[in-house]
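**Student:** One file: upload_8.txt (compact mmCIF, C-alpha atoms).
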```
# COMPACT_ATOMS: atom_id res chain seq x y z
CA MET A 1 -16.06 59.24 223.15
CA GLY A 2 -19.66 57.96 223.32
CA ALA A 3 -21.03 54.67 221.97
CA ALA A 4 -21.94 56.19 218.58
CA GLY A 5 -18.51 57.78 218.22
CA SER A 6 -16.80 54.54 219.25
CA ALA A 7 -18.78 52.52 216.72
CA GLU A 8 -17.98 55.05 214.00
CA ARG A 9 -14.26 55.03 214.84
CA PHE A 10 -14.24 51.23 215.01
CA GLY A 11 -15.94 51.05 211.59
CA GLU A 12 -13.34 53.39 210.08
CA GLU A 13 -10.47 51.35 211.48
CA ILE A 14 -11.71 47.95 210.33
CA GLY A 15 -12.58 49.47 206.96
CA LYS A 16 -8.88 50.27 206.51
CA LEU A 17 -8.21 46.55 206.93
CA GLY A 18 -10.72 45.44 204.31
CA SER A 19 -13.50 44.54 206.74
CA ASN A 20 -17.04 45.86 207.09
CA CYS A 21 -19.06 47.22 209.99
CA TYR A 22 -22.84 47.63 210.00
CA VAL A 23 -24.52 49.57 212.82
CA ALA A 24 -28.01 48.15 213.28
CA ALA A 25 -30.92 50.23 214.55
CA SER A 26 -32.33 47.28 216.54
CA ASN A 27 -31.99 43.55 217.15
CA GLU A 28 -34.50 42.95 214.35
CA ASP A 29 -32.49 45.15 211.99
CA ALA A 30 -29.32 43.21 212.90
CA ASN A 31 -31.04 39.88 212.19
CA LYS A 32 -32.40 41.12 208.86
CA TYR A 33 -28.95 42.34 207.86
CA ILE A 34 -27.35 38.99 208.75
CA VAL A 35 -30.03 36.97 206.93
CA GLU A 36 -29.57 39.16 203.84
CA PHE A 37 -25.78 38.80 204.15
CA VAL A 38 -26.12 34.99 204.15
CA LYS A 39 -28.43 35.07 201.12
CA THR A 40 -26.42 37.64 199.15
CA HIS A 41 -23.17 35.72 199.64
CA GLY A 42 -24.79 32.36 198.87
CA LEU A 43 -23.70 30.85 202.19
CA SER A 44 -25.39 27.60 203.17
CA ARG A 45 -23.05 26.18 205.82
CA VAL A 46 -23.38 28.51 208.80
CA ALA A 47 -22.29 27.99 212.41
CA ILE A 48 -23.32 30.07 215.41
CA SER A 49 -21.38 30.10 218.67
CA ASN A 50 -23.16 29.76 222.00
CA SER A 51 -22.76 33.49 222.68
CA PRO A 52 -25.56 34.81 224.92
CA LEU A 53 -25.82 37.91 222.69
CA LEU A 54 -26.73 35.80 219.64
CA SER A 55 -29.35 34.00 221.69
CA ASP A 56 -30.71 37.30 223.04
CA ILE A 57 -31.30 38.70 219.56
CA GLY A 58 -32.87 35.45 218.33
CA LEU A 59 -30.49 34.98 215.42
CA ALA A 60 -30.69 31.18 215.12
CA THR A 61 -34.49 31.28 214.94
CA MET A 62 -34.43 34.07 212.36
CA LEU A 63 -32.00 32.12 210.17
CA GLU A 64 -34.06 28.93 210.48
CA ASN A 65 -37.25 30.81 209.59
CA THR A 66 -35.63 31.98 206.36
CA GLY A 67 -34.34 28.57 205.28
CA THR A 68 -30.83 28.42 206.75
CA LYS A 69 -30.20 25.73 209.38
CA PRO A 70 -27.20 26.91 211.40
CA SER A 71 -25.02 24.52 213.37
CA LEU A 72 -24.85 25.53 217.03
CA VAL A 73 -21.35 25.38 218.49
CA ASP A 74 -22.08 24.45 222.07
CA TYR A 75 -20.60 21.93 224.52
CA SER A 76 -23.30 22.19 227.17
CA GLY A 77 -25.29 19.12 228.14
CA CYS A 78 -22.44 16.63 227.83
CA LYS A 79 -22.75 13.97 230.55
CA ASP A 80 -19.10 12.98 230.80
CA ALA A 81 -15.62 13.52 229.38
CA GLN A 82 -16.13 10.91 226.65
CA GLU A 83 -19.28 12.60 225.37
CA LEU A 84 -17.58 16.01 225.57
CA GLY A 85 -14.60 14.73 223.57
CA ALA A 86 -16.88 13.27 220.90
CA ARG A 87 -18.86 16.52 220.66
CA LYS A 88 -15.67 18.58 220.36
CA ARG A 89 -14.41 16.38 217.52
CA SER A 90 -17.76 16.57 215.75
CA ILE A 91 -17.93 20.36 216.08
CA ARG A 92 -14.38 20.80 214.77
CA GLU A 93 -15.18 18.63 211.74
CA THR A 94 -18.32 20.68 211.11
CA LEU A 95 -16.44 23.97 211.42
CA LEU A 96 -13.83 22.85 208.90
CA GLN A 97 -16.66 22.61 206.34
CA THR A 98 -18.43 25.81 207.47
CA GLU A 99 -18.46 28.89 205.24
CA LEU A 100 -19.63 31.41 207.87
CA GLY A 101 -18.98 31.50 211.60
CA ILE A 102 -21.08 33.92 213.65
CA THR A 103 -19.96 34.89 217.14
CA GLY A 104 -20.50 37.46 219.79
CA ALA A 105 -17.58 39.52 221.04
CA SER A 106 -16.53 40.43 224.56
CA TYR A 107 -15.30 43.88 223.53
CA ALA A 108 -14.53 45.99 220.48
CA ILE A 109 -11.54 48.34 220.59
CA ALA A 110 -12.38 51.59 218.81
CA ASP A 111 -8.89 52.94 218.15
CA THR A 112 -7.63 49.83 216.33
CA GLY A 113 -10.78 48.15 215.00
CA THR A 114 -10.00 45.07 217.09
CA LEU A 115 -12.48 42.50 218.36
CA VAL A 116 -11.82 40.81 221.68
CA ILE A 117 -13.19 37.27 221.80
CA GLY A 118 -13.06 35.80 225.28
CA GLY A 119 -14.61 33.13 227.40
CA ASN A 120 -13.98 30.05 229.44
CA ASP A 121 -14.62 27.63 226.61
CA GLU A 122 -13.35 27.57 223.07
CA THR A 123 -16.66 27.79 221.19
CA ASN A 124 -16.39 31.49 220.29
CA ARG A 125 -12.73 31.18 219.32
CA LEU A 126 -13.26 28.11 217.13
CA THR A 127 -16.30 29.66 215.44
CA SER A 128 -14.36 32.85 214.76
CA LEU A 129 -11.19 31.22 213.43
CA MET A 130 -12.10 28.07 211.48
CA PRO A 131 -14.72 29.14 208.87
CA THR A 132 -13.78 31.13 205.76
CA VAL A 133 -15.89 34.14 206.80
CA HIS A 134 -16.32 35.48 210.34
CA LEU A 135 -19.25 37.69 211.29
CA ALA A 136 -19.18 39.08 214.82
CA VAL A 137 -22.04 40.76 216.64
CA VAL A 138 -21.17 43.29 219.32
CA ARG A 139 -23.34 45.49 221.52
CA SER A 140 -22.73 49.22 221.44
CA ASP A 141 -21.92 49.18 225.19
CA GLN A 142 -19.03 46.76 224.59
CA PHE A 143 -16.81 49.36 222.91
CA MET A 144 -13.59 50.31 224.65
CA PRO A 145 -11.29 53.14 223.57
CA ASP A 146 -8.05 51.11 223.65
CA LEU A 147 -6.38 47.84 224.67
CA PRO A 148 -5.32 49.01 228.17
CA SER A 149 -9.01 49.71 228.93
CA VAL A 150 -9.92 46.18 227.88
CA MET A 151 -7.13 44.68 229.97
CA GLU A 152 -8.31 46.66 232.98
CA GLN A 153 -11.87 45.34 232.50
CA LEU A 154 -10.61 41.77 232.13
CA SER A 155 -8.44 42.06 235.25
CA ARG A 156 -11.58 42.93 237.26
CA SER A 157 -13.33 39.83 236.00
CA LYS A 158 -13.30 36.75 238.20
CA LEU A 159 -13.32 34.52 235.11
CA ASN A 160 -10.19 32.75 233.95
CA GLN A 161 -10.40 33.77 230.31
CA ALA A 162 -8.35 33.07 227.25
CA ILE A 163 -8.76 35.94 224.82
CA THR A 164 -8.30 36.26 221.10
CA LEU A 165 -7.66 39.65 219.51
CA ILE A 166 -8.95 39.92 215.94
CA THR A 167 -7.98 42.91 213.80
CA GLY A 168 -9.29 42.36 210.28
CA PRO A 169 -9.14 39.19 208.21
CA SER A 170 -6.35 36.70 208.87
CA ARG A 171 -3.07 37.93 207.36
CA THR A 172 0.41 36.53 207.08
CA ALA A 173 3.56 37.43 205.22
CA ASP A 174 5.71 34.62 206.57
CA ILE A 175 6.04 32.87 203.20
CA GLU A 176 8.52 34.75 201.02
CA LEU A 177 7.31 38.01 202.66
CA THR A 178 4.23 38.00 200.42
CA LEU A 179 1.05 39.18 202.14
CA THR A 180 -1.57 36.44 202.05
CA ILE A 181 -5.12 36.71 203.40
CA GLY A 182 -6.95 33.83 205.05
CA VAL A 183 -4.19 31.28 205.56
CA HIS A 184 -4.42 31.04 209.35
CA GLY A 185 -8.05 32.08 209.75
CA PRO A 186 -10.95 33.76 207.98
CA LYS A 187 -10.50 35.56 204.66
CA GLU A 188 -13.25 38.02 205.57
CA LEU A 189 -14.39 39.77 208.73
CA HIS A 190 -17.74 41.50 209.12
CA VAL A 191 -19.10 43.15 212.26
CA VAL A 192 -22.66 44.03 213.21
CA VAL A 193 -23.20 46.49 216.06
CA VAL A 194 -26.51 46.30 217.99
```
Go ahead and render the structure in this file as structure tokens.
**Tutor:**
Amino acid sequence: MGAAGSAERFGEEIGKLGSNCYVAASNEDANKYIVEFVKTHGLSRVAISNSPLLSDIGLATMLENTGTKPSLVDYSGCKDAQELGARKRSIRETLLQTELGITGASYAIADTGTLVIGGNDETNRLTSLMPTVHLAVVRSDQFMPDLPSVMEQLSRSKLNQAITLITGPSRTADIELTLTIGVHGPKELHVVVV
């Protein structure tokens, strides 16, 4: 299955879970879509993880140029453990008040509509899990057919990664076996493929 087929399959699978997938024609198209998404949904408190992909497409600048000042979730530049601890506390407080968290993804699994969020720090995970709405950006070359393929890729990596698997909005049925959306994470999941 090629990149286009993987993106299509992924979109079908997350659609079954109540999520949306937009396949952008370019980085500019992706940015325009995200800016319009923010405006259409009336979102003013936006956080962006320190994902290199988001930096590569220039998303923070595009949002700023259209009147949205995103909070950057980034721990870099801290001089010592005390400063790092203070920054982490500040970022967590900000994320608790954030309506939209935008992250990159390490991989997207076509056959289940699952995002794989990985990395050596927690910025992507926090930005994906704490806000009410999660929007993930994934490159078309990051699609994998299934979970074993992802695990094989990760085993080749020299990085010590913690991974989070996200399949649709947060769901739980642990209270009286009633399905509830958004209790342990975002109520909505949206994906943009570039």
**Student:** Got a sec: who's within 9 Å of Met144 of chain A, counting all atoms listed in the file, leaving out chain neighbours fewer than 2 positions off, as number ranges by chain?
**Tutor:** A: 6, 107-111, 141-142, 146-147, 149-150
**Student:** Which residue gives the smallest distance to Thr98 of chain A among A:Leu54, A:Leu84, A:Val191, A:Val73, with only C-alpha atoms counted?
**Tutor:**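 Going through A:Leu54, A:Leu84, A:Val191, A:Val73 one by one, the smallest distance to Thr98 of chain A is for A:Val73.
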**Student:** Using Å and a single decimal, report how far atom CA of Phe143 of chain A sits from atom CA of Glu12 of chain A.
**Tutor:**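 Going from atom CA of Glu12 of chain A over to atom CA of Phe143 of chain A, I get 13.9 Å.
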**Student:** Using all atoms listed in the file, can you tell me which of A:Ser106, A:Asn31, A:Asn50, A:Ser157 comes closest to Met62 of chain A?
**Tutor:**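 Checking each candidate against Met62 of chain A, we get A:Asn31 as the closest.
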**Student:** Please report the interatomic distance between atom CA of Asp29 of chain A and atom CA of Thr66 of chain A in Å with one decimal.
**Tutor:**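 It comes out at 14.7 Å.
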**Student:** May I ask for the distance between atom CA of Thr127 of chain A and atom CA of Ile57 of chain A, given in Å to one decimal place?
**Tutor:**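 Result for atom CA of Thr127 of chain A versus atom CA of Ile57 of chain A: 18.0 Å, one decimal.
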**Student:** My list of candidates is A:Leu115, A:Val46, A:Cys21, A:Met130. Which is closest to Glu64 of chain A when distances are computed with all atoms listed in the file?
**Tutor:**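 Of the candidates, the smallest distance to Glu64 of chain A is held by A:Val46.
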**Student:** Between A:Asp74, A:Glu83, A:Glu188, A:Glu152, which has the minimum distance to Leu17 of chain A (counting all atoms listed in the file)?
**Tutor:** A:Glu188
**Student:** Kindly provide the residues of segment 75-123 of chain A that approach segment 34-38 of chain A to within 12 Å, each paired with its closest atom pair and their distance in Å to one decimal, based on only C-alpha atoms, listed by chain and increasing number, as a Markdown table.
**Tutor:**
```
| residue | atom | partner | partner_atom | distance |
| --- | --- | --- | --- | --- |
| A:Glu99 | CA | A:Val38 | CA | 9.9 |
| A:Leu100 | CA | A:Val38 | CA | 8.3 |
| A:Gly101 | CA | A:Val38 | CA | 10.9 |
| A:Ile102 | CA | A:Ile34 | CA | 9.4 |
| A:Thr103 | CA | A:Ile34 | CA | 11.9 |
```
**Student:** Pick the closest to Arg89 of chain A from A:Ile117, A:Leu53, A:Leu126, A:Leu154: which is it, counting all atoms listed in the file?
**Tutor:**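 That would be A:Leu126, the residue with the smallest distance to Arg89 of chain A.
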**Student:** When you count all atoms listed in the file, which of these residues is closest to Ser71 of chain A: A:Lys39, A:Val137, A:Thr123, A:Gly118?
**Tutor:**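 When distances to Ser71 of chain A are compared using all atoms listed in the file, the smallest one comes from A:Thr123.
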**Student:** Restore N, CA and C atoms in segment 16-43 of chain A and list the result as an mmCIF file, in the frame of the given file.
**Tutor:**
```cif
data_model
loop_
_atom_site.group_PDB
_atom_site.id
_atom_site.type_symbol
_atom_site.label_atom_id
_atom_site.label_comp_id
_atom_site.auth_asym_id
_atom_site.auth_seq_id
_atom_site.Cartn_x
_atom_site.Cartn_y
_atom_site.Cartn_z
ATOM 1 N N LYS A 16 -10.257 50.153 207.028
ATOM 2 C CA LYS A 16 -8.880 50.270 206.510
ATOM 3 C C LYS A 16 -8.238 48.903 206.304
ATOM 4 N N LEU A 17 -8.772 47.901 206.997
ATOM 5 C CA LEU A 17 -8.210 46.550 206.930
ATOM 6 C C LEU A 17 -8.991 45.642 205.977
ATOM 7 N N GLY A 18 -9.944 46.228 205.263
ATOM 8 C CA GLY A 18 -10.720 45.440 204.310
ATOM 9 C C GLY A 18 -11.909 44.719 204.913
ATOM 10 N N SER A 19 -12.342 45.145 206.089
ATOM 11 C CA SER A 19 -13.500 44.540 206.740
ATOM 12 C C SER A 19 -14.662 45.519 206.707
ATOM 13 N N ASN A 20 -15.835 45.036 207.113
ATOM 14 C CA ASN A 20 -17.040 45.860 207.090
ATOM 15 C C ASN A 20 -17.687 45.908 208.456
ATOM 16 N N CYS A 21 -18.328 47.052 208.740
ATOM 17 C CA CYS A 21 -19.060 47.220 209.990
ATOM 18 C C CYS A 21 -20.428 47.801 209.672
ATOM 19 N N TYR A 22 -21.467 47.149 210.180
ATOM 20 C CA TYR A 22 -22.840 47.630 210.000
ATOM 21 C C TYR A 22 -23.395 47.958 211.374
ATOM 22 N N VAL A 23 -23.902 49.171 211.552
ATOM 23 C CA VAL A 23 -24.520 49.570 212.820
ATOM 24 C C VAL A 23 -26.028 49.424 212.662
ATOM 25 N N ALA A 24 -26.589 48.462 213.382
ATOM 26 C CA ALA A 24 -28.010 48.150 213.280
ATOM 27 C C ALA A 24 -28.824 49.069 214.195
ATOM 28 N N ALA A 25 -30.023 49.374 213.764
ATOM 29 C CA ALA A 25 -30.920 50.230 214.550
ATOM 30 C C ALA A 25 -31.585 49.450 215.678
ATOM 31 N N SER A 26 -31.654 48.119 215.544
ATOM 32 C CA SER A 26 -32.330 47.280 216.540
ATOM 33 C C SER A 26 -31.868 45.835 216.364
ATOM 34 N N ASN A 27 -32.298 44.980 217.288
ATOM 35 C CA ASN A 27 -31.990 43.550 217.150
ATOM 36 C C ASN A 27 -32.605 43.004 215.860
ATOM 37 N N GLU A 28 -33.832 43.411 215.570
ATOM 38 C CA GLU A 28 -34.500 42.950 214.350
ATOM 39 C C GLU A 28 -33.738 43.400 213.104
ATOM 40 N N ASP A 29 -33.271 44.639 213.116
ATOM 41 C CA ASP A 29 -32.490 45.150 211.990
ATOM 42 C C ASP A 29 -31.193 44.344 211.834
ATOM 43 N N ALA A 30 -30.548 44.012 212.947
ATOM 44 C CA ALA A 30 -29.320 43.210 212.900
ATOM 45 C C ALA A 30 -29.600 41.842 212.285
ATOM 46 N N ASN A 31 -30.675 41.193 212.728
ATOM 47 C CA ASN A 31 -31.040 39.880 212.190
ATOM 48 C C ASN A 31 -31.335 39.958 210.704
ATOM 49 N N LYS A 32 -32.085 40.965 210.288
ATOM 50 C CA LYS A 32 -32.400 41.120 208.860
ATOM 51 C C LYS A 32 -31.126 41.306 208.048
ATOM 52 N N TYR A 33 -30.219 42.106 208.552
ATOM 53 C CA TYR A 33 -28.950 42.340 207.860
ATOM 54 C C TYR A 33 -28.178 41.025 207.709
ATOM 55 N N ILE A 34 -28.107 40.240 208.787
ATOM 56 C CA ILE A 34 -27.350 38.990 208.750
ATOM 57 C C ILE A 34 -28.002 37.985 207.806
ATOM 58 N N VAL A 35 -29.325 37.874 207.847
ATOM 59 C CA VAL A 35 -30.030 36.970 206.930
ATOM 60 C C VAL A 35 -29.772 37.376 205.480
ATOM 61 N N GLU A 36 -29.832 38.669 205.207
ATOM 62 C CA GLU A 36 -29.570 39.160 203.840
ATOM 63 C C GLU A 36 -28.113 38.910 203.451
ATOM 64 N N PHE A 37 -27.204 39.066 204.396
ATOM 65 C CA PHE A 37 -25.780 38.800 204.150
ATOM 66 C C PHE A 37 -25.593 37.340 203.733
ATOM 67 N N VAL A 38 -26.220 36.427 204.462
ATOM 68 C CA VAL A 38 -26.120 34.990 204.150
ATOM 69 C C VAL A 38 -26.658 34.718 202.751
ATOM 70 N N LYS A 39 -27.812 35.284 202.439
ATOM 71 C CA LYS A 39 -28.430 35.070 201.120
ATOM 72 C C LYS A 39 -27.584 35.680 200.008
ATOM 73 N N THR A 40 -27.178 36.922 200.174
ATOM 74 C CA THR A 40 -26.420 37.640 199.150
ATOM 75 C C THR A 40 -25.107 36.944 198.824
ATOM 76 N N HIS A 41 -24.457 36.398 199.829
ATOM 77 C CA HIS A 41 -23.170 35.720 199.640
ATOM 78 C C HIS A 41 -23.320 34.240 199.309
ATOM 79 N N GLY A 42 -24.550 33.758 199.236
ATOM 80 C CA GLY A 42 -24.790 32.360 198.870
ATOM 81 C C GLY A 42 -24.215 31.367 199.866
ATOM 82 N N LEU A 43 -24.277 31.704 201.147
ATOM 83 C CA LEU A 43 -23.700 30.850 202.190
ATOM 84 C C LEU A 43 -24.752 29.874 202.704
#
```
